[in-house]
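Participant: Got a structure for you, questions after.
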2 protein chains.
Amino acid sequence: MPKPYCYEYPHPAVATDLCVFSLDKEMRLVALFIRRKQPPFEDQWALPGGFIKVGAENLDQCARRELMEETGTEAAHLEQFGAYSDPGRDPREHVISVGYLALIRHSPAVAGTDAAEAKWFPIETTKKGDLLVNGRRAQLAFDHRKILTDALQRLRRRIDEAPIVFVVMPEQFTLAQLQSAFETIKGEELDKRNFRKWVIDKDWLKETGEFQRGRQRPAVLFTVGKKISKLYAQGQK
Amino acid sequence: MPKPYCYEYPHPAVATDLCVFSLDKEMRLVALFIRRKQPPFEDQWALPGGFIKVGAENLDQCARRELMEETGTEAAHLEQFGAYSDPGRDPREHVISVGYLALIRHSPAVAGTDAAEAKWFPIETTKKGDLLVNGRRAQLAFDHRKILTDALQRLRRRIDEAPIVFVVMPEQFTLAQLQSAFETIKGEELDKRNFRKWVIDKDWLKETGEFQRGRQRPAVLFTVGKKISKLYAQGQK
DNA sequence: GCAAAAGTGTTTCTAATACACCCATGA
DNA sequence: TCATGGGTGTATTAGAAACACTTTTGC
């Protein structure tokens, strides 16, 4: 195998690892994993991600490119949260991975070239903070359980600070749906009245004037305010 | 120049850049810079830092090692805050730098091997957030102004969240001195009574029973509580 | 008329802020 | 005795949290 890229000093490989979260149809918090086609950790589930194109892109661009390759998703909340760099974390060579948190609208997973399969799995945390994937303690390749745990913690902080939840909401939604999204992401129940006060006080929402009709009392439909929807344009028609 | 380290795919160089803060004798907030001995940016001031020892250390260890080399300081608050990765940020090659925030006891700066000089400079920020070094708008090599600006922002957040201020305090100190340290780091004045309430409510301090005597009323001397001093052991005898 | 979800206000508590005077000492 | 910095308490406000009943609709 040729090794044409040579340096005066040793260089590590650098990759981004993506912690891609979404809410599925049943409003479960899901994360995207790929099943590895190659060693190491062949056939195990791992975070999507890939190596940076040296000299051609920065880490944000790398993460965005990988996200596109794995999900076809253009716009999303994408945020760097940490670098993982233990020399032994990848048995092949010293690989430094920069973790990215992504929150995207749910979409079919697409296996990239180096993955046998890409799939969304429901995730949750136990009371003591252990990460569960599909209800069982996460078994992931590399140090990806640690990375994902950090990402989820970051997501749960961010969800209150910035209007990122709207990337997983449909164009119109009721307050009950919005509350449910928050509850799922945060993994805790929220008080209805306090939630409504809190979210309406923020300058995020706009009433559409329309109603969602079901078998009960119709619910007011909201949409995202203009300023916010510009920031988090969702490729939603 | 030989290039003995070869890879199948291109690899970037990876370094840590250290934003080392301290308080000097006059209680000014200072940051440590080195004057570069080599191109690029020869003779310009830059952040200390250096390349990771591939396969032999992780980024935290790299940062800690560099800190030791530049300051002789063993223990300090040291915290990763972000990766800087634009392909053109270093003209030589694609270098990814991971920024570390360090807060250490003031100590003489020591020029490392690749620095002509190492020096502490007083830093502050304008109201609109511009970074001033020595009272003038910062002129630093690479993208180090951006990195340092991010670091300072992080420092100002952390200082309230965790008992890191004690790495710059002497073993015994008065509340007035402690308040002054907070004010300097945060770049704003604090209310004396509110500060005392706040800091005493935290479980950080212990009265020594001793007093500092000056030309005025003696001030109660405090020291750091046991739990805290373990976490932030300072190499102070 | 009843089941089901939508909607709504008030009280309580806590944390942050603003603010002004007396105290103990050295000179 | 006075200049100097050390030390203290209370009232106000804002935001978070707890909490229960009425409304509107489809069936």
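Numbering starts fresh at 1 for the residues of each chain in the structure tokens, the chains themselves are lettered A, B, ... in the order given, and ligands are numbered from 1 as they appear.
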For DA3 of chain D, find every residue with an atom within 10 Å (counting only C-alpha atoms (C1' of nucleotides)), except residues of its own chain fewer than 4 positions away, and show them as number ranges by chain.

Facilitator: B: 215-216; C: 26-27

Participant: With a cut-off of 9 Å and counting only C-alpha atoms (C1' of nucleotides), select all residues of chain C in contact with chain B and give the selection as JSON, numbers by chain.

Facilitator: {"C": [16, 17, 23, 24, 25, 26, 27]}

Participant: Tell me which of A:Glu207, A:Phe222, A:Leu132, A:Leu140 sits closest to Gln172 of chain A, counting only C-alpha atoms.

Facilitator: A:Phe222

Participant: Given a cut-off of 9 Å, which residues of chain A touch chain B, counting only C-alpha atoms, written out as a ChimeraX atom specification?

Facilitator: /A:1-14,51-60,80-88,93-96,98

Participant: Would you list the contacts of Glu79 of chain A as an NGL selection string, taking every protein, DNA or RNA residue within 8 Å and counting only C-alpha atoms (C1' of nucleotides), but skipping same-chain residues closer than 6 positions in sequence?

Facilitator: :A and (100-102)

Participant: Counting only C-alpha atoms (C1' of nucleotides), which residue out of B:Arg36, B:Leu148, B:Glu161, B:Gln212 sits closest to chain D?

Facilitator: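 Ranked by minimum distance to chain D, first place goes to B:Gln212.
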
Participant: Check which residues of segment 113-159 of chain A sit at most 10 Å from segment 45-50 of chain A using only C-alpha atoms, and return one row each with the closest pair of atoms and their distance in Å to one decimal, ordered by chain and rising number, as a tab-separated table.

Facilitator:
```
residue	atom	partner	partner_atom	distance
A:Asp114	CA	A:Gly50	CA	9.4
A:Ala115	CA	A:Pro48	CA	8.6
A:Ala116	CA	A:Trp45	CA	9.8
A:Glu117	CA	A:Trp45	CA	9.1
A:Ala118	CA	A:Pro48	CA	8.4
A:Lys119	CA	A:Trp45	CA	9.2
A:Ala138	CA	A:Trp45	CA	9.5
A:Gln139	CA	A:Trp45	CA	7.5
A:Leu140	CA	A:Trp45	CA	5.4
A:Ala141	CA	A:Ala46	CA	5.1
A:Phe142	CA	A:Ala46	CA	7.6
A:Asp143	CA	A:Ala46	CA	9.2
A:His144	CA	A:Leu47	CA	6.5
A:Arg145	CA	A:Ala46	CA	8.7
A:Ile147	CA	A:Leu47	CA	9.0
A:Leu148	CA	A:Leu47	CA	8.2
```

Participant: With all heavy atoms retained, export the selected residues as a tab-separated table (two decimals), in the first residue's frame.

Facilitator:
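The resulting file, again.tsv, is shown below:
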```tsv
chain	number	residue	atom	x	y	z
A	114	ASP	N	-18.04	3.74	3.48
A	114	ASP	CA	-17.30	2.89	4.42
A	114	ASP	C	-18.21	2.31	5.50
A	114	ASP	O	-17.75	1.89	6.54
A	114	ASP	CB	-16.13	3.66	5.04
A	114	ASP	CG	-16.56	5.00	5.55
A	114	ASP	OD1	-17.36	5.66	4.86
A	114	ASP	OD2	-16.10	5.42	6.63
A	115	ALA	N	-19.51	2.31	5.24
A	115	ALA	CA	-20.44	1.76	6.22
A	115	ALA	C	-21.27	0.67	5.56
A	115	ALA	O	-21.67	0.78	4.41
A	115	ALA	CB	-21.35	2.86	6.76
A	116	ALA	N	-21.52	-0.38	6.34
A	116	ALA	CA	-22.37	-1.44	5.83
A	116	ALA	C	-23.83	-1.02	5.90
A	116	ALA	O	-24.67	-1.47	5.15
A	116	ALA	CB	-22.15	-2.72	6.63
A	117	GLU	N	-24.10	-0.10	6.82
A	117	GLU	CA	-25.49	0.19	7.14
A	117	GLU	C	-25.51	1.47	7.97
A	117	GLU	O	-24.57	1.71	8.74
A	117	GLU	CB	-26.03	-0.98	7.99
A	117	GLU	CG	-27.52	-1.05	8.14
A	117	GLU	CD	-27.91	-2.24	9.03
A	117	GLU	OE1	-27.03	-3.09	9.33
A	117	GLU	OE2	-29.06	-2.30	9.45
A	118	ALA	N	-26.52	2.25	7.83
A	118	ALA	CA	-26.69	3.41	8.69
A	118	ALA	C	-28.09	3.35	9.28
A	118	ALA	O	-29.04	2.99	8.59
A	118	ALA	CB	-26.52	4.70	7.90
A	119	LYS	N	-28.20	3.64	10.55
A	119	LYS	CA	-29.50	3.42	11.18
A	119	LYS	C	-29.68	4.35	12.37
A	119	LYS	O	-28.72	4.67	13.08
A	119	LYS	CB	-29.58	1.97	11.66
A	119	LYS	CG	-31.00	1.45	11.77
A	119	LYS	CD	-31.01	-0.04	12.03
A	119	LYS	CE	-32.31	-0.45	12.70
A	119	LYS	NZ	-32.23	-1.76	13.34
A	138	ALA	N	-24.98	1.31	25.92
A	138	ALA	CA	-24.38	1.52	24.60
A	138	ALA	C	-23.09	0.73	24.43
A	138	ALA	O	-22.22	0.74	25.30
A	138	ALA	CB	-24.10	3.02	24.42
A	139	GLN	N	-23.01	0.02	23.31
A	139	GLN	CA	-21.77	-0.68	22.94
A	139	GLN	C	-21.35	-0.12	21.60
A	139	GLN	O	-21.86	-0.52	20.56
A	139	GLN	CB	-22.05	-2.19	22.79
A	139	GLN	CG	-22.41	-2.89	24.07
A	139	GLN	CD	-21.21	-3.09	24.97
A	139	GLN	OE1	-21.33	-3.02	26.19
A	139	GLN	NE2	-20.03	-3.31	24.40
A	140	LEU	N	-20.43	0.78	21.64
A	140	LEU	CA	-20.04	1.43	20.39
A	140	LEU	C	-18.55	1.28	20.15
A	140	LEU	O	-17.77	1.05	21.08
A	140	LEU	CB	-20.39	2.92	20.45
A	140	LEU	CG	-21.88	3.25	20.58
A	140	LEU	CD1	-22.07	4.73	20.81
A	140	LEU	CD2	-22.63	2.79	19.35
A	141	ALA	N	-18.17	1.42	18.90
A	141	ALA	CA	-16.77	1.31	18.53
A	141	ALA	C	-15.98	2.48	19.12
A	141	ALA	O	-16.54	3.51	19.49
A	141	ALA	CB	-16.64	1.30	17.01
A	142	PHE	N	-14.67	2.27	19.20
A	142	PHE	CA	-13.77	3.33	19.66
A	142	PHE	C	-14.23	3.88	21.02
A	142	PHE	O	-14.76	3.11	21.83
A	142	PHE	CB	-13.67	4.46	18.63
A	142	PHE	CG	-13.31	3.99	17.25
A	142	PHE	CD1	-14.27	3.89	16.25
A	142	PHE	CD2	-12.00	3.63	16.95
A	142	PHE	CE1	-13.94	3.44	14.98
A	142	PHE	CE2	-11.65	3.18	15.68
A	142	PHE	CZ	-12.63	3.08	14.70
A	143	ASP	N	-14.04	5.18	21.22
A	143	ASP	CA	-14.53	5.83	22.45
A	143	ASP	C	-15.83	6.56	22.17
A	143	ASP	O	-16.12	7.59	22.76
A	143	ASP	CB	-13.46	6.80	22.97
A	143	ASP	CG	-12.95	7.75	21.89
A	143	ASP	OD1	-13.43	7.64	20.73
A	143	ASP	OD2	-12.09	8.59	22.18
A	144	HIS	N	-16.62	6.00	21.27
A	144	HIS	CA	-17.79	6.73	20.81
A	144	HIS	C	-18.89	6.84	21.85
A	144	HIS	O	-19.72	7.74	21.78
A	144	HIS	CB	-18.30	6.12	19.51
A	144	HIS	CG	-17.42	6.42	18.34
A	144	HIS	ND1	-17.68	6.01	17.06
A	144	HIS	CD2	-16.24	7.12	18.26
A	144	HIS	CE1	-16.72	6.43	16.24
A	144	HIS	NE2	-15.83	7.09	16.95
A	145	ARG	N	-18.88	5.93	22.82
A	145	ARG	CA	-19.88	6.10	23.87
A	145	ARG	C	-19.60	7.36	24.67
A	145	ARG	O	-20.51	8.14	24.98
A	145	ARG	CB	-19.93	4.91	24.81
A	145	ARG	CG	-21.05	5.13	25.84
A	145	ARG	CD	-21.27	3.93	26.73
A	145	ARG	NE	-20.06	3.61	27.46
A	145	ARG	CZ	-19.71	2.38	27.80
A	145	ARG	NH1	-20.49	1.38	27.50
A	145	ARG	NH2	-18.59	2.17	28.47
A	147	ILE	N	-17.98	10.01	23.61
A	147	ILE	CA	-18.24	11.17	22.74
A	147	ILE	C	-19.73	11.47	22.69
A	147	ILE	O	-20.17	12.61	22.83
A	147	ILE	CB	-17.67	10.92	21.32
A	147	ILE	CG1	-16.13	10.75	21.40
A	147	ILE	CG2	-18.04	12.05	20.38
A	147	ILE	CD1	-15.48	10.45	20.05
A	148	LEU	N	-20.51	10.41	22.53
A	148	LEU	CA	-21.95	10.60	22.41
A	148	LEU	C	-22.55	11.08	23.73
A	148	LEU	O	-23.47	11.91	23.73
A	148	LEU	CB	-22.61	9.29	21.96
A	148	LEU	CG	-24.07	9.39	21.55
A	148	LEU	CD1	-24.24	10.28	20.33
A	148	LEU	CD2	-24.65	8.02	21.27
```

Participant: Enumerate as number ranges by chain the residues belonging to chain D that approach chain A to within 7 Å, with only C-alpha atoms (C1' of nucleotides) taken into account.

Facilitator: D: 24-26

Participant: Find the residues near DT10 of chain C: any atom within 12 Å, counting only C-alpha atoms (C1' of nucleotides), skip ones fewer than 2 places away on the same chain, and give them as a count of residues only.

Facilitator: 6

Participant: What are the DSSP strand (DSSP E or B) residues of segment 75-185 of chain A, as a PyMOL selection string?

Facilitator: chain A and resi 77-84+95-103+115-125+131-133+136-137+173

Participant: Between atom CA of Leu18 of chain A and atom CA of Lys227 of chain A, measure the distance and give it in Å to one decimal.

Facilitator: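 Rounded to one decimal, the two atoms are 27.0 Å apart.
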
Participant: With only C-alpha atoms as the atoms that count, which of A:Val30, A:Ile228, A:Leu205, A:Ala111 lies nearest to Val167 of chain A?

Facilitator: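 Of A:Val30, A:Ile228, A:Leu205, A:Ala111, the one nearest Val167 of chain A is A:Ile228, counting only C-alpha atoms.
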
Participant: Which value, in Å to one decimal, gives the distance between atom CA of Asp150 of chain B and atom CA of Gln44 of chain B?

Facilitator: 20.3 Å

Participant: Enumerate, as a PyMOL selection string, the complete set of residues in segment 81-237 of chain B that a backbone-based DSSP assignment places in alpha helix (DSSP H).

Facilitator: chain B and resi 144-161+175-186+192-201+226-231

Participant: Pick from A:Gln177, A:Gln153, A:Asn134, A:Thr184: nearest to DA5 of chain C, with only C-alpha atoms (C1' of nucleotides) counted?

Facilitator: A:Gln177

Participant: Write out as number ranges by chain the residues lying within 12 Å of DT8 of chain D, counting only C-alpha atoms (C1' of nucleotides) and excluding same-chain residues fewer than 2 positions away.

Facilitator: B: 192-194, 196-197; C: 20-23; D: 6, 10
